[in-house]
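Q: Dropping a structure here in structure tokens format, bear with me for questions.
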Protein chains: 2
Amino acid sequence: MVNVSDSKNYKVIGTNPIRHDGYDKVTGRAIYGADVKLPGLIWASIVRSPNAHAVIKNVDTSEAEKIDGVFAVMTGKDLPQQEDQFIDHGEGTENVAWSSENIMATQKVLYKGHAVAAVAAIDRYVADYAASKVKVEYDLLDAVTNVEDATKEGAPILLDSLVGDHLRKKVKNTNVASITRHEFGDPDKAFANAENVVERTFTLQMVHQGYIEPHNATAHWDEEDRIKVWTSTQGAFPVRTSTAAILKLDVSRVKVTPLEIGGGFGGKIPVYLEPVVSILSRKSGRPVKAVMERSSVFQASGPAPGGTITVKMGTDKDANIVAAESSIKLEAGGFPGSAVGAAVQCIFAAYDIPNTRIDGFDIVVNKPKSAAYRAPGSPQAAFATETVSDELARIHGMDPIDFRLQNASKEGTRRADGVVFPKVGNVEVLEAAKKSDHWNSDLGTPAKGRVRGRGVASGYWFNVGLKSTVNLSVNSDGSVVLVEGSSDIGGTRTSISMQAAEILGIEVENFRPSVGDTETAGYADVTGGSRTTYATGFAAVKAAENLIEVLKDRCAIIWSLDKNDIDFEDGTFFASKDPELKFTFKELASNLDNTGGPAASSGSVDLESAGGAFGTHIVDVDVDTETGKTDIARYTVLQDVGTAIYPAYVRGQMAGGAVQGIGWALNEEYYMKDDGTQANVSYLDYRMPTALDLPNIETIIVEVPNPGHPFGVRGVGEVPICPPVGAIGNALHDALGKRFYDSPMKPGRILNVLGKISD
Amino acid sequence: MVNVSDSKNYKVIGTNPIRHDGYDKVTGRAIYGADVKLPGLIWASIVRSPNAHAVIKNVDTSEAEKIDGVFAVMTGKDLPQQEDQFIDHGEGTENVAWSSENIMATQKVLYKGHAVAAVAAIDRYVADYAASKVKVEYDLLDAVTNVEDATKEGAPILLDSLVGDHLRKKVKNTNVASITRHEFGDPDKAFANAENVVERTFTLQMVHQGYIEPHNATAHWDEEDRIKVWTSTQGAFPVRTSTAAILKLDVSRVKVTPLEIGGGFGGKIPVYLEPVVSILSRKSGRPVKAVMERSSVFQASGPAPGGTITVKMGTDKDANIVAAESSIKLEAGGFPGSAVGAAVQCIFAAYDIPNTRIDGFDIVVNKPKSAAYRAPGSPQAAFATETVSDELARIHGMDPIDFRLQNASKEGTRRADGVVFPKVGNVEVLEAAKKSDHWNSDLGTPAKGRVRGRGVASGYWFNVGLKSTVNLSVNSDGSVVLVEGSSDIGGTRTSISMQAAEILGIEVENFRPSVGDTETAGYADVTGGSRTTYATGFAAVKAAENLIEVLKDRCAIIWSLDKNDIDFEDGTFFASKDPELKFTFKELASNLDNTGGPAASSGSVDLESAGGAFGTHIVDVDVDTETGKTDIARYTVLQDVGTAIYPAYVRGQMAGGAVQGIGWALNEEYYMKDDGTQANVSYLDYRMPTALDLPNIETIIVEVPNPGHPFGVRGVGEVPICPPVGAIGNALHDALGKRFYDSPMKPGRILNVLGKISD
């Protein structure tokens, strides 16, 4: 195992080589899910509910079936009937019965866009036309679209079958799927003795990951009841698991080929279309493709939950946080399973607090079933904690970074849920923030009519671990073929290869990496949870170490020596007792004939979460007090990345996360109408930041190696979306003297807080 | 290692399950090379020489380049210039300089159909039209199309650069590329003391493998000088090796994806189109596809050599063969490298002869460069040996099977080239032939105007070994994913899986096998030389054994036991000291979570040739003495297959090889015109046997397990093409009382031997 302290001697790690997928992507040659073409391919169109909440009385497909060019029509009754059954799709569990009902409703529709039927036809136009001829009769019900309304006395109940788990009590006739609590120390007593206590309640709206590429899936169901699926996904193996479970087939009857993916951010872990096109294929005998329209992506995929979060924190007279309490209510959407479980783990993770109590509520509402979105639950939580923390720092008259440093979690700190931190970089990031050019620069003067403020906030995400496999084989020219099962979203073909290259002492340009399908690659869980460079990279290190053993055996054969007399260092195999006998990796690769077959190896891991990572963001905002519009004047992201394998990717992740968080803070929201439906279902109305809206995002990489990884890698992708909402709220306070407890802090809300318009 | 003597307890081996590729093939869904479609794909057309021998004075592509829709035009000068360099493509070596010149001529054309230029255009029609506008000026030369003419004094010399290797003497200005000799004992003295000596000279004509699917290749050359190639081939890795060498690139710059293959029989090992479409892609920036027309397949791929073979054999008074001598002159085609090297190893392999001398001549002629064809060189050799053997048996008044049995090679017999046989099944096959229903049945009476005769002949092929890799991984439902690099021609997805299934104690239906590309599968040499079920199967056994070790580790973790206390038998893992603790393979597969990552393994081999195999064929022919037409009245194939993994495939190989040999014996030949060009370049004129021409071919499997393979597998595919020409010649003698020394024994030749027409 490579020693973490060797880090400064790395030859490959820390460089920015040309990425292996680069040319294919910039030339447009890369194949995405929507590009899939097969002989005899037909198109699916999904019939979706126009209502947010209704009982399905009848689905009449007869007219659609008669249309020329229609091959098959299905309803939810064509999916196998399911009992409650919980399976692990890699990032959390799902109840297959609910997943199936979410994919196509049989009893009730629970949100606008909920699928009720589907048509497969000769082309997309015929399919859409036929879908419009499917007649669905509904009994309308009142809709609830936020956690407050959903938990009111007499609220309409979404799921008759739901038995809520409320602190281990079973509760029927509820929209609260679960209430969980983490408690540590004696928070009540600590609050009673605290010098200062601040308690605030925050609201957040549902937001979407906003990936450019819509969901897509193509399937062919063959005569042996085996299904081939092609899709753009964060994980081919989890798609196989979910699709097989929903179709009640053994996993090995489903083969999933992952195509390139145009963004996922957590939203491309669940399956939506795969079981539908599979059933349509079984009915038609043809391969069937479906691609969502953008409005369906908004209304029927898995956005991030909004909700209500109350945070109460108390300090002693020396500004030590002595107690913290929170109640986190997140929208699950139409079926249970919001990000509240992760929010609970993250909400106070940046602080070392001896007495805490955290309650998490998972609440169903008439909105699309929420899914993971980059550090699910943590940005919402951080908005609340980082605002209260900022208030407390002001009460103590402290620099907000000093306040955070004084209370920072570190090695040995116990998270409320019981996890004790190994070496983490929270302190180092805060210290770097304090020393940063941005923090030490004057605010400067904004344009006329604008006021400027500066804010800071921290954020946290744990690495998930899970399963990964990497296979290596050696070409005679000294190059190495690498096959992984992890979808490449953030550049993992290169970052995984770099880790194997470092071990083997060769250049990463000699690698030929690819992402295999479920019948060529070894098993891998999702690309998500900031796990891929960490866990799949770990598997690559193991595979490379195994390959060195294989190659030492070959040297022993070639030199007629005992294997124990063969050493490997710095890319060279040599005989410890005879300096004349040595091979570079490349020389040995060309001399493997007659030494026992091709040289190949495999490495696999099944890892626990390891450590996690912290970031601190500094932002200067300019607010137009006339219009309420906020511009980002300057933005700096600091983050402990453990070890930056590919610094340019790392900076891209840091900047990209910040940009998504900025959108969340200032503009993005599911704007719900009174009838429970979303008003803004296109990118014209759902306002995401573009390059023109933003300055260059400055990034400062902090490296505190993760002791749980051979190169010290920490997850990078998720942390940077956590601080922005809080940091921007704090900057707005700095600029305007007003606190913001509701997100997004859009122009109307700012004018409202300023008293210029009413709510 | 599984003990060969366990053979009767096999559960999977010896059964005939539904083949994994069956449905895809019978429904037409399987994807062959000609089916490849890519965005922006354009078509290539090859400009071929109309002359058999000429100097290229000038190639003018200007007119073709001007045609609308033409993207690129190339000549041989666009291929990198090559020095002589010998590389191993898996079944023999090739000189890259000659391969390159064969793929596209720059100096001379050496056969009709020799490529001289190529065009890539928007579609096939434009490409063909533009190709017709390429103007090539030739200086015509006399052509030589057989070994006698090519070796005459003053014969036109094909290759100025050829330095012949004649028994280690260097010779210039020759068409004889090499003369090799294997000598053993003192044949001259032995012949002098022999009681009976028979010496005959045989001629054979060039024949084609006659695969249904024409050669095809698609390539895309990208901006990083990496090439993706899609092709129907017997070996993706050898295609990579050859293409990279011809294009002077490192192998890892070429990725080869093998598609399904519609027959190869040895002819789909060399590359013809791959470097051409690669260069056209580099020039056009587009992916480029080429598919040969049938006439080009005949004229410009790699048929089996014709030639002249002299065999002299002597017996003592007790009918023991005491000496044998042979001179084998085979047509290499336009460039050196006929099958003579293999013919030399096979020609006397069925006999235990103490004194032998074999001379092999490799002779260039103005015909397409010959390639491997099912047991290359051995059918030609067997025709000669088995005819002479039959004559000697008659001289001694012996049953021809008894004569062969008395002289049969067996364990310990030394082949003239030095190989000493391990346990082989020659005697067992002859004994089975002697006991067979066919051999013991009456000849019966043919239809009016016909005469009937019976013949018998033996044949031999060695297994080649070479490199193979198999990767396995376990799905949670207990199924196993298998990836091999060996093209599946004869059903190897199933036959390889069966060997792993036998080791793992599970059903082969639980396997999901696939043939990977050069960047997902581990290295494998060609599917050819009867090596795949033997060598890749051996790799599968190793992979399965490695997987059992991996899974024992997992049991040890689950049960908290030492690994040494875990046993595996008959598909069940169990604790040796606690009978309560046990897992079936499937149970264990579903319990691997948290035991250390996905369970996967790899196995690879680099094997020597192992043993080889023998067959004996019995044939009854009916000859119409009026027309000379011969019909097969009954045909029985007996063969030692070691262990029949999948008996139905084995019988298919045995029958299929016999049918190809029957075509060779009775009808097939490259019919050459005086100008050195082939007259019969379509299946209308090149007469192959169809199902309507033949009776059911009876097959008798003999199993003498190969001691060099864990299940005793011997190569099956090649042996059955070796005996037919000799067996049919002997049957014709039995029917007509006349010996045939020239193949094919077509109606005209029969009438000629019968004195009914002149030559």
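A note on labels: chains of the structure tokens are A, B, ... as shown, every chain counts residues from 1, and ligands are counted from 1 in their shown order.
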Write out as a PyMOL selection string each polymer residue whose atoms come within 9 Å of Tyr129 (chain A), counting only C-alpha atoms; drop sequence neighbours fewer than 5 positions from it.
A: chain A and resi 45+64+67+124
Q: I need the chosen residues saved as a JSON list (two decimals), in the first residue's frame, with C-alpha atoms.
A:
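Resulting contents of part_6.json:
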[["chain", "number", "residue", "atom", "x", "y", "z"],
["A", 45, "SER", "CA", -44.46, 7.99, -25.62],
["A", 64, "ALA", "CA", -54.73, 4.40, -29.23],
["A", 67, "ILE", "CA", -53.94, 3.78, -34.71],
["A", 124, "ARG", "CA", -42.02, 9.52, -32.09]]
Q: Tell me the residues of chain B close to chain A, meaning within 6 Å using only C-alpha atoms, as a PDB file with C-alpha atoms, in the first residue's frame.
A:
ATOM      1  CA  LYS B 467      -2.759 -17.482 -25.357  1.00  0.00           C
ATOM      2  CA  VAL B 481     -20.705 -13.317 -16.333  1.00  0.00           C
ATOM      3  CA  GLU B 519     -10.175  -3.110 -24.552  1.00  0.00           C
ATOM      4  CA  TYR B 523      -5.791 -11.074 -24.573  1.00  0.00           C
ATOM      5  CA  GLY B 596     -14.895  -7.550   0.364  1.00  0.00           C
ATOM      6  CA  GLY B 597     -16.378  -6.313  -2.872  1.00  0.00           C
ATOM      7  CA  PRO B 598     -17.677  -8.017  -5.965  1.00  0.00           C
ATOM      8  CA  SER B 604      -5.129 -17.088 -18.552  1.00  0.00           C
ATOM      9  CA  VAL B 605      -2.956 -19.584 -20.362  1.00  0.00           C
ATOM     10  CA  ASP B 606      -0.117 -19.655 -22.873  1.00  0.00           C
TER      11      ASP B 606
END
Q: Residues of region 372-449 of chain A that approach region 609-619 of chain A to 7 Å or less, counting only C-alpha atoms: could you list each one with the shortest pair of atoms and its distance in Å to one decimal, rows by chain and increasing residue number, as JSON lines?
A:
{"residue": "A:Phe421", "atom": "CA", "partner": "A:Gly611", "partner_atom": "CA", "distance": 6.0}
{"residue": "A:Pro422", "atom": "CA", "partner": "A:Gly611", "partner_atom": "CA", "distance": 5.8}
{"residue": "A:Val424", "atom": "CA", "partner": "A:Gly611", "partner_atom": "CA", "distance": 6.4}
{"residue": "A:Gly425", "atom": "CA", "partner": "A:Phe614", "partner_atom": "CA", "distance": 6.5}
{"residue": "A:Asn426", "atom": "CA", "partner": "A:Phe614", "partner_atom": "CA", "distance": 5.3}
{"residue": "A:Val429", "atom": "CA", "partner": "A:Gly615", "partner_atom": "CA", "distance": 6.5}
{"residue": "A:Leu430", "atom": "CA", "partner": "A:Thr616", "partner_atom": "CA", "distance": 6.5}
{"residue": "A:Ala433", "atom": "CA", "partner": "A:Thr616", "partner_atom": "CA", "distance": 7.0}
Q: Show me, as a tab-separated table (two decimals) with C-alpha atoms, in the first residue's frame, the residues that have an atom within 12 Å of Met672 (chain B) when counting only C-alpha atoms, minus same-chain residues fewer than 3 positions from it.
A:
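The result, stored in around39.tsv:
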chain	number	residue	atom	x	y	z
B	52	ALA	CA	-2.41	-11.45	-62.79
B	111	TYR	CA	-2.61	-11.61	-58.93
B	112	LYS	CA	-5.89	-10.58	-60.41
B	143	ALA	CA	1.95	-15.01	-65.05
B	144	VAL	CA	2.74	-18.35	-63.41
B	145	THR	CA	-0.15	-19.98	-61.58
B	146	ASN	CA	1.19	-23.36	-60.49
B	205	GLN	CA	-5.81	-27.10	-57.01
B	206	MET	CA	-6.32	-23.96	-54.97
B	207	VAL	CA	-9.68	-24.01	-53.13
B	299	GLN	CA	-9.70	-13.34	-55.95
B	306	GLY	CA	-2.91	-26.16	-54.47
B	366	ASN	CA	0.37	-15.37	-59.43
B	367	LYS	CA	-2.62	-16.23	-57.28
B	669	GLU	CA	-10.96	-25.66	-57.61
B	675	ASP	CA	-4.02	-15.27	-68.72
B	676	GLY	CA	-3.50	-16.32	-65.12
B	677	THR	CA	-6.92	-15.24	-63.90
B	678	GLN	CA	-9.60	-17.28	-62.18
B	679	ALA	CA	-12.62	-18.18	-64.32
B	680	ASN	CA	-15.07	-19.16	-61.58
B	681	VAL	CA	-15.51	-16.25	-59.15
B	686	TYR	CA	-17.37	-22.37	-57.98
Q: Could you give me the residues within region 507-625 of chain A that DSSP places in alpha helix (DSSP H), as a count of residues only?
A: 28
